[in-house]
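Reviewing the structure listed below.
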Amino acid sequence: MANEDKLRDYLKLVTANLRQVRRRLTEVEERSQEPIAIVGMGCRFPGGVKNPEELWELLATGTDAIGPFPQDRGWDLENLYDPDPDHPGTSYARHGGFVYDAAEFDSGFFGISPREALVMDPQQRLLLEVSWEALEQAGIDAASLRGSRTGVFAGAYSQGYGTNPSAESGGSEGHLLTGIATSVLSGRLAFTFGLEGPAVTIDTACSSSLVALHLAAQSLRAGECSLALVGGATVIASPSVFVGFSRQRGMSVDGRCKSFSGTADGSGWGEGVGVLVVERLSDARRNGHNILAVMRGSAINQDGASNGLTAPNGPSQQRVIRAALANADLRADEVDVVEAHGSATTLGDPIEADALLETYGQERAGQKPLWLGSVKSNIGHPQAAAGVAGIIKMVLALQHEQLPRTLHVEEPTPHVDWSAGEVRLLTESVPWPAGERVRRAGVSAFGMSGTNVHLILEEAPAPTGEVTQEDADAGDPDSAETTEDTVAAGAEPAVAPAVVEADGLAAWALSGRSAKGLAGQAGRLREWVVARPGLAPVDVGWSLAATRSVFEHRSVVLGGDRGELVSGLESLVDGVPVGSVVSGVARSGVRTVFVFAG
């Protein structure tokens with residue numbers, strides 16, 4: 001009998017252990033496949049685009065953002081252009097998609113001296129600014145991330161800045177070591193914001209920023225970081241890309257990408273910066289972040305020994321698409337649209353279209369076709385930032401329930417048998433309403449290096465209305481995140497909310513590094529509020545008080561209604577003292593003590 005009792009106890013222990021192992025294996029498997037939430041976005045693109053809202057305006061209006069070569073980059077414009085493609089050292093195109101104010105940078109805001117800022121690659125400068133803006137859009141105070149396991153994954157490569165130190169450095173050659181190193185593109189962000197997760201710069205040419213997002217997702221799922229800044233940057237400091245592709249006959253004559261068009265004649269080069277703030281879906285829910293969209297799955301591969309070092313490879317593109325669908329556990333007919341690479345070369349577009357027809361275009365009988373478009377038709381090919389531009393475009397399309405049209409496609413390329421599958425070009429904008437089914441988009445990027453990436457985006461899940469125990473316990477399989485990690489990731493701490501309304505008065509708190517910066521903040525807030533008449537003043541006040549960093553120069557605008565608050569902002573912009581605006585400068589290093597003596 002004693003032996004039977006021991007055997008029974010042993011079997012119970014083994015059963016309990018097996019259940020625990022099975023539970024942990026399930027948790028690990030679920031975590032390895034967990035969707036990645038996009039909770040913030042920021043960008044700079046041609047056409048004067050300074051934020052995602054302006055990018056959507058450009059897309060929705062079908063704006064062509066291509067313009068002439070910039071005047072402020074020291075290029076020999078008089079001798080650079082030559083219509084003869086065989087003339088060495090010249091470009092037969094003189095237009096592209098440019099961020100004309102790429103040289104502007106608020107160095108003091110980031111504590112960087114003007115001397116050092118001068119020799120910093122403008123790609124570094126813009127990544128700093130756009131990352132800050134993306135965090136603000138996510139409702140995350142950048143200061144709260146200091147010391148956190150936040151990662152940085154930046155797609156970028158050298159564009160020639162700093163190759164002539166005597167002309168560009170102004171005697172600051174010592175700063176060139178960090179100013180032009182591609183590794184510092186990500187390292188500068190981590191240093192400036194105090195981020196202690198992985199920080200890597202990825203260079204796979206034109207697929208760099210999508211590779212960055214793929215690797216960030218893996219890092220988040222593995223628990224290497226709790227939040228990540230992901231994106232890409234390209235600022236063309238030297239005209240070498242125009243000169244080189246002129247010799248290869250791979251560039252559009254007029255600087256425009258005519259993606260999948262019968263008139264496509266090569267890539268039109270552009271520039272831009274895009275940054276996403278991403279985290280695991282369970283973390284985003286627990287932290288109360290606004291989920292813009294989720295990355296359901298992704299895949300990456302290489303062309304290998306194919307038909308040429310830089311030539312695209314159709315079978316490899318098919319394989320990466322099928323792998324991404326498998327990673328997302330989806331069928332091809334469950335995806336509505338693909339934001340294509342669409343480089344507009346006479347070789348690349350037909351290969352990409354054929355791969356899409358073979359993968360997405362089959363077995364869609366009785367359903368809507370797969371829609372196909374490319375943001376490059378609006379802004380040119382922003383190279384390392386191309387993939388993230390496509391991601392931001394598709395997130396905006398989900399939000400606005402509209403698929404923007406692709407420009408410059410009077411007739412689809414005749415080099416593709418479009419009858420071979422259900423794939424249709426977005427020659428006109430198409431409604432994409434929510435509610436019919438879960439909306440999804442594929443996004444592709446193919447690098448000159450041969451590295452291919454395909455991602456599956458999905459509309460944000462419906463709010464649950466409450467934090468589940470599963471969400472609360474997400475993180476390490478053995479234990480939930482500590483309070484410090486949760487706060488550092490941008491969650492609201494368990495303290496009383498900021499008071500932003502009392503006695504019928506709303507309070508809007510603003511701050512800046514300088515008086516000029518404070519006035520600029522007031523001006524931007526005024527523009528934002530005026531453009532959105534439906535905003536509740538108390539909601540604006542809460543966001544300003546609870547989701548923004550606080551700097552030395554501070555003001556509080558008081559008002560009983562929207563008109564009074566906007567009027568107070570205008571007074572702050574103009575520097576006119578009024579009773580409804582309280583301003584001051586916080587003295588650093590001074591501690592305030594309240595004594596109640598009785």
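In the structure tokens, chains take letters A, B, ... by order of appearance, with residues numbered from 1 within each chain and ligands from 1 in the order shown.
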Can you list every residue in segment 226-336 of chain A that DSSP puts in strand (DSSP E), as a PDB file with N, CA and C atoms, in the first residue's frame?
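Okay, selection.pdb is ready:
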ATOM      1  N   LEU A 227       9.989  48.144 -25.742  1.00  0.00           N
ATOM      2  CA  LEU A 227       9.463  49.134 -26.673  1.00  0.00           C
ATOM      3  C   LEU A 227      10.557  49.358 -27.696  1.00  0.00           C
ATOM      4  N   ALA A 228      10.206  49.819 -28.888  1.00  0.00           N
ATOM      5  CA  ALA A 228      11.250  50.052 -29.894  1.00  0.00           C
ATOM      6  C   ALA A 228      10.902  51.233 -30.785  1.00  0.00           C
ATOM      7  N   LEU A 229      11.934  51.997 -31.112  1.00  0.00           N
ATOM      8  CA  LEU A 229      11.869  53.012 -32.162  1.00  0.00           C
ATOM      9  C   LEU A 229      12.411  52.374 -33.424  1.00  0.00           C
ATOM     10  N   VAL A 230      11.624  52.396 -34.498  1.00  0.00           N
ATOM     11  CA  VAL A 230      11.996  51.702 -35.728  1.00  0.00           C
ATOM     12  C   VAL A 230      11.769  52.633 -36.910  1.00  0.00           C
ATOM     13  N   GLY A 231      12.717  52.669 -37.836  1.00  0.00           N
ATOM     14  CA  GLY A 231      12.475  53.488 -39.012  1.00  0.00           C
ATOM     15  C   GLY A 231      13.632  53.499 -39.969  1.00  0.00           C
ATOM     16  N   GLY A 232      13.662  54.520 -40.797  1.00  0.00           N
ATOM     17  CA  GLY A 232      14.714  54.653 -41.782  1.00  0.00           C
ATOM     18  C   GLY A 232      14.893  56.103 -42.164  1.00  0.00           C
ATOM     19  N   ALA A 233      16.071  56.424 -42.690  1.00  0.00           N
ATOM     20  CA  ALA A 233      16.374  57.802 -43.050  1.00  0.00           C
ATOM     21  C   ALA A 233      17.253  57.848 -44.289  1.00  0.00           C
ATOM     22  N   THR A 234      16.924  58.757 -45.184  1.00  0.00           N
ATOM     23  CA  THR A 234      17.765  59.034 -46.350  1.00  0.00           C
ATOM     24  C   THR A 234      17.745  60.530 -46.630  1.00  0.00           C
ATOM     25  N   GLY A 272      13.794  61.056 -47.314  1.00  0.00           N
ATOM     26  CA  GLY A 272      12.767  61.134 -46.290  1.00  0.00           C
ATOM     27  C   GLY A 272      13.191  60.405 -45.036  1.00  0.00           C
ATOM     28  N   VAL A 273      12.400  60.572 -44.004  1.00  0.00           N
ATOM     29  CA  VAL A 273      12.626  59.924 -42.710  1.00  0.00           C
ATOM     30  C   VAL A 273      11.280  59.483 -42.163  1.00  0.00           C
ATOM     31  N   GLY A 274      11.224  58.278 -41.661  1.00  0.00           N
ATOM     32  CA  GLY A 274      10.019  57.783 -41.007  1.00  0.00           C
ATOM     33  C   GLY A 274      10.394  56.971 -39.787  1.00  0.00           C
ATOM     34  N   VAL A 275       9.644  57.140 -38.696  1.00  0.00           N
ATOM     35  CA  VAL A 275       9.900  56.417 -37.452  1.00  0.00           C
ATOM     36  C   VAL A 275       8.577  55.896 -36.894  1.00  0.00           C
ATOM     37  N   LEU A 276       8.600  54.658 -36.454  1.00  0.00           N
ATOM     38  CA  LEU A 276       7.463  54.024 -35.786  1.00  0.00           C
ATOM     39  C   LEU A 276       7.829  53.737 -34.335  1.00  0.00           C
ATOM     40  N   VAL A 277       6.838  53.832 -33.463  1.00  0.00           N
ATOM     41  CA  VAL A 277       6.977  53.361 -32.080  1.00  0.00           C
ATOM     42  C   VAL A 277       6.180  52.073 -31.982  1.00  0.00           C
ATOM     43  N   VAL A 278       6.848  50.983 -31.627  1.00  0.00           N
ATOM     44  CA  VAL A 278       6.192  49.675 -31.631  1.00  0.00           C
ATOM     45  C   VAL A 278       6.438  48.947 -30.316  1.00  0.00           C
ATOM     46  N   GLU A 279       5.507  48.072 -29.982  1.00  0.00           N
ATOM     47  CA  GLU A 279       5.620  47.220 -28.800  1.00  0.00           C
ATOM     48  C   GLU A 279       4.717  46.006 -28.991  1.00  0.00           C
ATOM     49  N   ARG A 280       4.867  45.010 -28.141  1.00  0.00           N
ATOM     50  CA  ARG A 280       3.994  43.854 -28.213  1.00  0.00           C
ATOM     51  C   ARG A 280       2.548  44.283 -27.976  1.00  0.00           C
ATOM     52  N   ALA A 293      -2.250  50.284 -35.667  1.00  0.00           N
ATOM     53  CA  ALA A 293      -2.339  49.076 -36.489  1.00  0.00           C
ATOM     54  C   ALA A 293      -1.421  48.044 -35.862  1.00  0.00           C
ATOM     55  N   VAL A 294      -1.484  46.803 -36.349  1.00  0.00           N
ATOM     56  CA  VAL A 294      -0.585  45.773 -35.838  1.00  0.00           C
ATOM     57  C   VAL A 294       0.132  45.104 -37.002  1.00  0.00           C
ATOM     58  N   MET A 295       1.362  44.704 -36.752  1.00  0.00           N
ATOM     59  CA  MET A 295       2.095  43.888 -37.706  1.00  0.00           C
ATOM     60  C   MET A 295       1.820  42.435 -37.356  1.00  0.00           C
ATOM     61  N   ARG A 296       1.089  41.771 -38.238  1.00  0.00           N
ATOM     62  CA  ARG A 296       0.651  40.410 -37.961  1.00  0.00           C
ATOM     63  C   ARG A 296       1.743  39.376 -38.242  1.00  0.00           C
ATOM     64  N   GLY A 297       2.573  39.642 -39.250  1.00  0.00           N
ATOM     65  CA  GLY A 297       3.625  38.688 -39.589  1.00  0.00           C
ATOM     66  C   GLY A 297       4.623  39.315 -40.540  1.00  0.00           C
ATOM     67  N   SER A 298       5.768  38.662 -40.707  1.00  0.00           N
ATOM     68  CA  SER A 298       6.808  39.182 -41.597  1.00  0.00           C
ATOM     69  C   SER A 298       7.763  38.070 -41.980  1.00  0.00           C
ATOM     70  N   ALA A 299       8.515  38.321 -43.035  1.00  0.00           N
ATOM     71  CA  ALA A 299       9.533  37.363 -43.471  1.00  0.00           C
ATOM     72  C   ALA A 299      10.609  38.104 -44.242  1.00  0.00           C
ATOM     73  N   ILE A 300      11.782  37.504 -44.255  1.00  0.00           N
ATOM     74  CA  ILE A 300      12.940  38.088 -44.926  1.00  0.00           C
ATOM     75  C   ILE A 300      13.707  36.962 -45.609  1.00  0.00           C
ATOM     76  N   ASN A 301      14.246  37.231 -46.808  1.00  0.00           N
ATOM     77  CA  ASN A 301      15.105  36.256 -47.471  1.00  0.00           C
ATOM     78  C   ASN A 301      16.064  36.973 -48.417  1.00  0.00           C
ATOM     79  N   GLN A 302      16.798  36.183 -49.197  1.00  0.00           N
ATOM     80  CA  GLN A 302      17.815  36.715 -50.086  1.00  0.00           C
ATOM     81  C   GLN A 302      17.675  36.099 -51.465  1.00  0.00           C
TER      82      GLN A 302
END
Show me, as a Markdown table, the residues of segment 272-346 of chain A having an atom within 12 Å of segment 419-431 of chain A, each with the closest atom pair and its distance in Å, using only C-alpha atoms.
| residue | atom | partner | partner_atom | distance |
| --- | --- | --- | --- | --- |
| A:Ala332 | CA | A:Glu422 | CA | 11.4 |
| A:Asp333 | CA | A:Glu422 | CA | 10.1 |
| A:Val335 | CA | A:Val423 | CA | 11.6 |
| A:Asp336 | CA | A:Val423 | CA | 10.0 |
| A:Val337 | CA | A:Val423 | CA | 9.0 |
| A:Val338 | CA | A:Val423 | CA | 9.6 |
| A:Glu339 | CA | A:Leu426 | CA | 10.3 |
| A:Ala340 | CA | A:Leu425 | CA | 10.5 |
| A:Gly342 | CA | A:Leu425 | CA | 11.3 |
Writer output for current selection, all heavy atoms, as a tab-separated table (two decimals), in the first residue's frame:
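This went into out15.tsv:
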chain	number	residue	atom	x	y	z
A	332	ALA	N	-3.67	33.97	-48.64
A	332	ALA	CA	-3.44	35.11	-49.52
A	332	ALA	C	-4.71	35.92	-49.74
A	332	ALA	O	-4.67	37.15	-49.86
A	332	ALA	CB	-2.87	34.65	-50.86
A	333	ASP	N	-5.88	35.25	-49.80
A	333	ASP	CA	-7.12	35.98	-50.06
A	333	ASP	C	-7.63	36.74	-48.84
A	333	ASP	O	-8.66	37.43	-48.93
A	333	ASP	CB	-8.19	35.03	-50.59
A	333	ASP	CG	-8.59	33.96	-49.58
A	333	ASP	OD1	-7.92	33.84	-48.53
A	333	ASP	OD2	-9.58	33.25	-49.82
A	335	VAL	N	-5.80	39.11	-47.53
A	335	VAL	CA	-5.10	40.39	-47.63
A	335	VAL	C	-5.74	41.19	-48.76
A	335	VAL	O	-5.98	40.67	-49.85
A	335	VAL	CB	-3.60	40.17	-47.90
A	335	VAL	CG1	-2.88	41.50	-48.12
A	335	VAL	CG2	-2.96	39.40	-46.74
A	336	ASP	N	-6.03	42.46	-48.50
A	336	ASP	CA	-6.78	43.29	-49.44
A	336	ASP	C	-5.91	44.06	-50.42
A	336	ASP	O	-6.33	44.34	-51.55
A	336	ASP	CB	-7.64	44.31	-48.68
A	336	ASP	CG	-8.58	43.66	-47.69
A	336	ASP	OD1	-9.15	42.61	-48.02
A	336	ASP	OD2	-8.74	44.19	-46.57
A	337	VAL	N	-4.72	44.46	-50.00
A	337	VAL	CA	-3.91	45.38	-50.79
A	337	VAL	C	-2.44	45.12	-50.51
A	337	VAL	O	-2.09	44.67	-49.43
A	337	VAL	CB	-4.28	46.85	-50.45
A	337	VAL	CG1	-4.04	47.14	-48.98
A	337	VAL	CG2	-3.51	47.85	-51.31
A	338	VAL	N	-1.60	45.40	-51.48
A	338	VAL	CA	-0.17	45.35	-51.28
A	338	VAL	C	0.43	46.70	-51.64
A	338	VAL	O	0.18	47.23	-52.74
A	338	VAL	CB	0.50	44.24	-52.12
A	338	VAL	CG1	2.01	44.46	-52.19
A	338	VAL	CG2	0.22	42.87	-51.52
A	339	GLU	N	1.15	47.28	-50.69
A	339	GLU	CA	1.96	48.46	-50.94
A	339	GLU	C	3.28	47.94	-51.49
A	339	GLU	O	4.11	47.40	-50.76
A	339	GLU	CB	2.15	49.27	-49.67
A	339	GLU	CG	3.15	50.40	-49.77
A	339	GLU	CD	2.77	51.49	-50.75
A	339	GLU	OE1	1.58	51.59	-51.13
A	339	GLU	OE2	3.65	52.27	-51.14
A	340	ALA	N	3.46	48.09	-52.78
A	340	ALA	CA	4.55	47.43	-53.49
A	340	ALA	C	5.85	48.19	-53.36
A	340	ALA	O	5.89	49.37	-53.01
A	340	ALA	CB	4.18	47.27	-54.97
A	342	GLY	N	7.65	48.70	-56.11
A	342	GLY	CA	7.29	49.61	-57.20
A	342	GLY	C	8.37	50.60	-57.58
A	342	GLY	O	8.11	51.80	-57.70
Quiz prompt | Long-range neighbours of Ser209 of chain A as a list in words, 7 Å cut-off, only C-alpha atoms, 4 positions minimum in chain | solution =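 That gives Ala154, Gly155, Leu213, Gly231, Gly232, Ala384, Ala385, Gly387 and Val388 of chain A.
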Next, dump the selected residues to file, keeping only all heavy atoms, as a compact mmCIF listing (two decimals), in the first residue's frame.
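So the final result, stored in selection-v1.txt, reads:
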# COMPACT_ATOMS: atom_id res chain seq x y z
N ALA A 154 17.33 51.22 -36.83
CA ALA A 154 17.31 52.27 -37.85
C ALA A 154 17.88 51.75 -39.16
O ALA A 154 19.00 51.24 -39.20
CB ALA A 154 18.12 53.48 -37.38
N GLY A 155 17.11 51.90 -40.22
CA GLY A 155 17.59 51.56 -41.55
C GLY A 155 18.20 52.78 -42.21
O GLY A 155 17.53 53.82 -42.33
N LEU A 213 12.18 46.81 -39.06
CA LEU A 213 10.92 46.47 -38.38
C LEU A 213 10.82 44.97 -38.12
O LEU A 213 10.36 44.53 -37.05
CB LEU A 213 9.74 46.95 -39.21
CG LEU A 213 8.35 46.76 -38.60
CD1 LEU A 213 8.25 47.32 -37.19
CD2 LEU A 213 7.27 47.38 -39.50
N GLY A 231 12.72 52.67 -37.84
CA GLY A 231 12.48 53.49 -39.01
C GLY A 231 13.63 53.50 -39.97
O GLY A 231 14.48 52.60 -39.96
N GLY A 232 13.66 54.52 -40.80
CA GLY A 232 14.71 54.65 -41.78
C GLY A 232 14.89 56.10 -42.16
O GLY A 232 13.99 56.93 -41.98
N ALA A 384 16.50 54.09 -48.14
CA ALA A 384 16.44 53.40 -46.85
C ALA A 384 15.15 53.69 -46.09
O ALA A 384 14.79 52.95 -45.18
CB ALA A 384 17.64 53.79 -45.99
N ALA A 385 14.45 54.77 -46.45
CA ALA A 385 13.18 55.11 -45.80
C ALA A 385 11.98 54.65 -46.61
O ALA A 385 10.83 54.95 -46.23
CB ALA A 385 13.10 56.62 -45.57
N GLY A 387 10.61 51.61 -47.17
CA GLY A 387 9.73 50.65 -46.52
C GLY A 387 8.86 51.28 -45.45
O GLY A 387 7.65 51.03 -45.37
N VAL A 388 9.46 52.11 -44.60
CA VAL A 388 8.68 52.73 -43.54
C VAL A 388 7.68 53.73 -44.11
O VAL A 388 6.60 53.93 -43.55
CB VAL A 388 9.60 53.39 -42.49
CG1 VAL A 388 10.28 54.64 -43.03
CG2 VAL A 388 8.84 53.71 -41.22
Practice problem: Per DSSP on the backbone, filter segment 44-239 of chain A down to the residues in helix (DSSP H, G or I) and report them as a ChimeraX atom specification. | Solution: /A:52-60,77-80,107-110,114-118,122-137,142-145,165-168,173-179,183-193,208-222
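In this model, the gap between atom CA of Val152 of chain A and atom CA of Ser267 of chain A comes to 29.2 Å.
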Taking only C-alpha atoms into account, produce a table as a tab-separated table in which each residue of segment 264-291 of chain A with an atom at most 6 Å from an atom of segment 367-380 of chain A appears once, together with its shortest atom pair and the distance in Å to one decimal, ordered by chain and rising number.
residue	atom	partner	partner_atom	distance
A:Gly268	CA	A:Gly380	CA	5.1
A:Trp269	CA	A:Gly380	CA	5.3
A:Gly270	CA	A:Gly380	CA	4.7
Practice problem: Skip Pro239 of chain A itself and residues of its chain fewer than 6 positions away, then list as a PyMOL selection string all residues within 12 Å of it, counting only C-alpha atoms. | Solution: chain A and resi 69-70+73-77+79-81+89-96+159-161+245-246+269-270
Those residues with N, CA, C and O atoms, as a compact mmCIF listing (two decimals), in the first residue's frame please?
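Resulting contents of result26.txt:
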# COMPACT_ATOMS: atom_id res chain seq x y z
N PHE A 69 16.51 69.92 -58.20
CA PHE A 69 17.62 69.71 -57.28
C PHE A 69 17.67 70.86 -56.26
O PHE A 69 17.44 72.03 -56.60
N PRO A 70 18.00 70.56 -55.00
CA PRO A 70 18.11 71.62 -53.98
C PRO A 70 19.30 72.53 -54.27
O PRO A 70 20.30 72.11 -54.87
N ARG A 73 23.16 72.52 -51.24
CA ARG A 73 23.98 71.36 -50.88
C ARG A 73 25.36 71.37 -51.50
O ARG A 73 26.09 70.37 -51.45
N GLY A 74 25.73 72.48 -52.10
CA GLY A 74 27.07 72.58 -52.66
C GLY A 74 27.27 71.79 -53.93
O GLY A 74 28.42 71.52 -54.33
N TRP A 75 26.18 71.38 -54.60
CA TRP A 75 26.31 70.66 -55.86
C TRP A 75 26.60 71.65 -56.99
O TRP A 75 26.07 72.77 -57.01
N ASP A 76 27.41 71.23 -57.91
CA ASP A 76 27.71 72.06 -59.08
C ASP A 76 26.56 71.88 -60.08
O ASP A 76 26.66 71.13 -61.05
N LEU A 77 25.46 72.56 -59.82
CA LEU A 77 24.24 72.34 -60.59
C LEU A 77 24.41 72.71 -62.06
O LEU A 77 23.79 72.10 -62.94
N ASN A 79 26.96 72.25 -63.97
CA ASN A 79 27.65 71.20 -64.74
C ASN A 79 27.16 69.80 -64.44
O ASN A 79 27.58 68.85 -65.10
N LEU A 80 26.29 69.66 -63.44
CA LEU A 80 25.82 68.32 -63.06
C LEU A 80 24.87 67.74 -64.10
O LEU A 80 24.94 66.54 -64.42
N TYR A 81 23.99 68.56 -64.63
CA TYR A 81 22.98 68.04 -65.57
C TYR A 81 23.52 67.98 -67.00
O TYR A 81 24.14 68.92 -67.49
N GLY A 89 30.25 61.74 -65.06
CA GLY A 89 30.17 62.73 -64.01
C GLY A 89 28.92 63.59 -64.02
O GLY A 89 28.84 64.58 -63.28
N THR A 90 27.95 63.24 -64.86
CA THR A 90 26.73 64.04 -64.96
C THR A 90 25.49 63.20 -64.72
O THR A 90 25.53 61.97 -64.70
N SER A 91 24.37 63.89 -64.55
CA SER A 91 23.07 63.24 -64.37
C SER A 91 22.13 63.70 -65.48
O SER A 91 22.05 64.89 -65.78
N TYR A 92 21.43 62.76 -66.11
CA TYR A 92 20.47 63.15 -67.14
C TYR A 92 19.10 63.49 -66.56
O TYR A 92 18.19 63.86 -67.30
N ALA A 93 18.96 63.38 -65.22
CA ALA A 93 17.76 63.87 -64.53
C ALA A 93 18.16 65.05 -63.65
O ALA A 93 19.30 65.13 -63.19
N ARG A 94 17.25 65.96 -63.44
CA ARG A 94 17.52 67.09 -62.56
C ARG A 94 16.35 67.35 -61.61
O ARG A 94 16.17 68.47 -61.14
N HIS A 95 15.58 66.30 -61.35
CA HIS A 95 14.46 66.38 -60.42
C HIS A 95 14.46 65.15 -59.52
O HIS A 95 15.00 64.09 -59.88
N GLY A 96 13.85 65.28 -58.38
CA GLY A 96 13.70 64.18 -57.44
C GLY A 96 12.77 64.57 -56.31
O GLY A 96 12.20 65.67 -56.30
N GLN A 159 25.18 58.57 -47.34
CA GLN A 159 24.79 59.27 -48.55
C GLN A 159 25.83 60.31 -48.96
O GLN A 159 25.55 61.20 -49.76
N GLY A 160 27.03 60.21 -48.37
CA GLY A 160 28.13 61.06 -48.81
C GLY A 160 28.38 62.28 -47.96
O GLY A 160 29.28 63.07 -48.29
N TYR A 161 27.65 62.46 -46.86
CA TYR A 161 27.89 63.63 -46.03
C TYR A 161 29.25 63.49 -45.33
O TYR A 161 29.59 62.42 -44.83
N PHE A 245 23.41 56.11 -61.42
CA PHE A 245 22.29 55.49 -62.12
C PHE A 245 22.09 56.07 -63.51
O PHE A 245 21.41 55.45 -64.34
N SER A 246 22.65 57.24 -63.78
CA SER A 246 22.64 57.74 -65.16
C SER A 246 23.48 56.83 -66.05
O SER A 246 23.10 56.50 -67.18
N TRP A 269 14.69 59.31 -57.73
CA TRP A 269 15.27 59.25 -56.39
C TRP A 269 14.67 60.30 -55.46
O TRP A 269 14.35 61.41 -55.88
N GLY A 270 14.52 59.91 -54.22
CA GLY A 270 13.95 60.79 -53.22
C GLY A 270 14.63 60.60 -51.88
O GLY A 270 15.58 59.83 -51.74
Exercise. Do a neighbour search on Asp329 of chain A at 12 Å with only C-alpha atoms, toss out local chain neighbours closer than 2 positions, and write the hits as a ChimeraX atom specification.
Key: /A:33-35,296-298,322-327,331-332,334-335,456
Quiz item: Excluding same-chain residues fewer than 2 positions from Asn313 of chain A, what lies within 12 Å of it counting only C-alpha atoms, as a PyMOL selection string?
Solution: chain A and resi 301-311+315-320+347-355+446-452
Practice problem: Write out as a VMD selection string which residues come within 10 Å of segment 527-529 of chain A when counting only C-alpha atoms, dropping same-chain ones fewer than 4 positions away. | Solution: chain A and resid 522 to 523 533 to 537 540 562 565 to 566 569
Would you mind exporting N, CA and C atoms of the selected residues as a tab-separated table (two decimals), in the first residue's frame?
chain	number	residue	atom	x	y	z
A	522	ALA	N	3.30	76.87	-28.77
A	522	ALA	CA	1.97	77.46	-28.70
A	522	ALA	C	1.38	77.65	-30.09
A	523	GLY	N	2.22	78.07	-31.05
A	523	GLY	CA	1.75	78.25	-32.42
A	523	GLY	C	1.30	76.95	-33.06
A	533	PRO	N	-12.05	71.33	-34.82
A	533	PRO	CA	-13.04	71.98	-33.96
A	533	PRO	C	-13.75	71.04	-33.01
A	534	GLY	N	-13.69	69.75	-33.26
A	534	GLY	CA	-14.39	68.81	-32.39
A	534	GLY	C	-13.63	68.42	-31.14
A	535	LEU	N	-12.39	68.89	-30.98
A	535	LEU	CA	-11.60	68.51	-29.81
A	535	LEU	C	-12.20	69.10	-28.54
A	536	ALA	N	-12.24	68.29	-27.48
A	536	ALA	CA	-12.70	68.78	-26.18
A	536	ALA	C	-11.53	69.44	-25.46
A	537	PRO	N	-11.69	70.67	-24.96
A	537	PRO	CA	-10.58	71.35	-24.28
A	537	PRO	C	-9.98	70.55	-23.14
A	540	VAL	N	-7.54	67.96	-24.52
A	540	VAL	CA	-6.28	68.58	-24.91
A	540	VAL	C	-5.45	68.87	-23.67
A	562	ARG	N	-13.32	77.12	-25.66
A	562	ARG	CA	-12.32	76.91	-26.70
A	562	ARG	C	-11.78	78.25	-27.24
A	565	LEU	N	-9.25	79.86	-24.92
A	565	LEU	CA	-7.99	79.13	-24.91
A	565	LEU	C	-7.17	79.42	-26.16
A	566	VAL	N	-7.82	79.44	-27.32
A	566	VAL	CA	-7.11	79.75	-28.56
A	566	VAL	C	-6.59	81.18	-28.53
A	569	LEU	N	-3.46	81.26	-26.57
A	569	LEU	CA	-2.33	80.75	-27.35
A	569	LEU	C	-1.79	81.81	-28.29
Exercise. Calculate how many Å separate atom CA of Val581 of chain A from atom CA of Glu564 of chain A, rounding to one decimal.
Key: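 Atom CA of Val581 of chain A sits 10.5 Å away from atom CA of Glu564 of chain A.
Proximity ranking of A:Ile392, A:Ala217, A:Val573, A:Ala546 relative to Gly520 of chain A places A:Val573 first, based on only C-alpha atoms.
With only C-alpha atoms as the atoms that count, the residue of A:Asp64, A:Glu224, A:Asp539, A:Glu104 with the shortest distance to Ser148 of chain A is A:Glu224.
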Practice problem: Give me, please, the distance in Å between atom CA of Val241 of chain A and atom CA of Pro114 of chain A, quoted to one decimal. | Solution: 28.6 Å
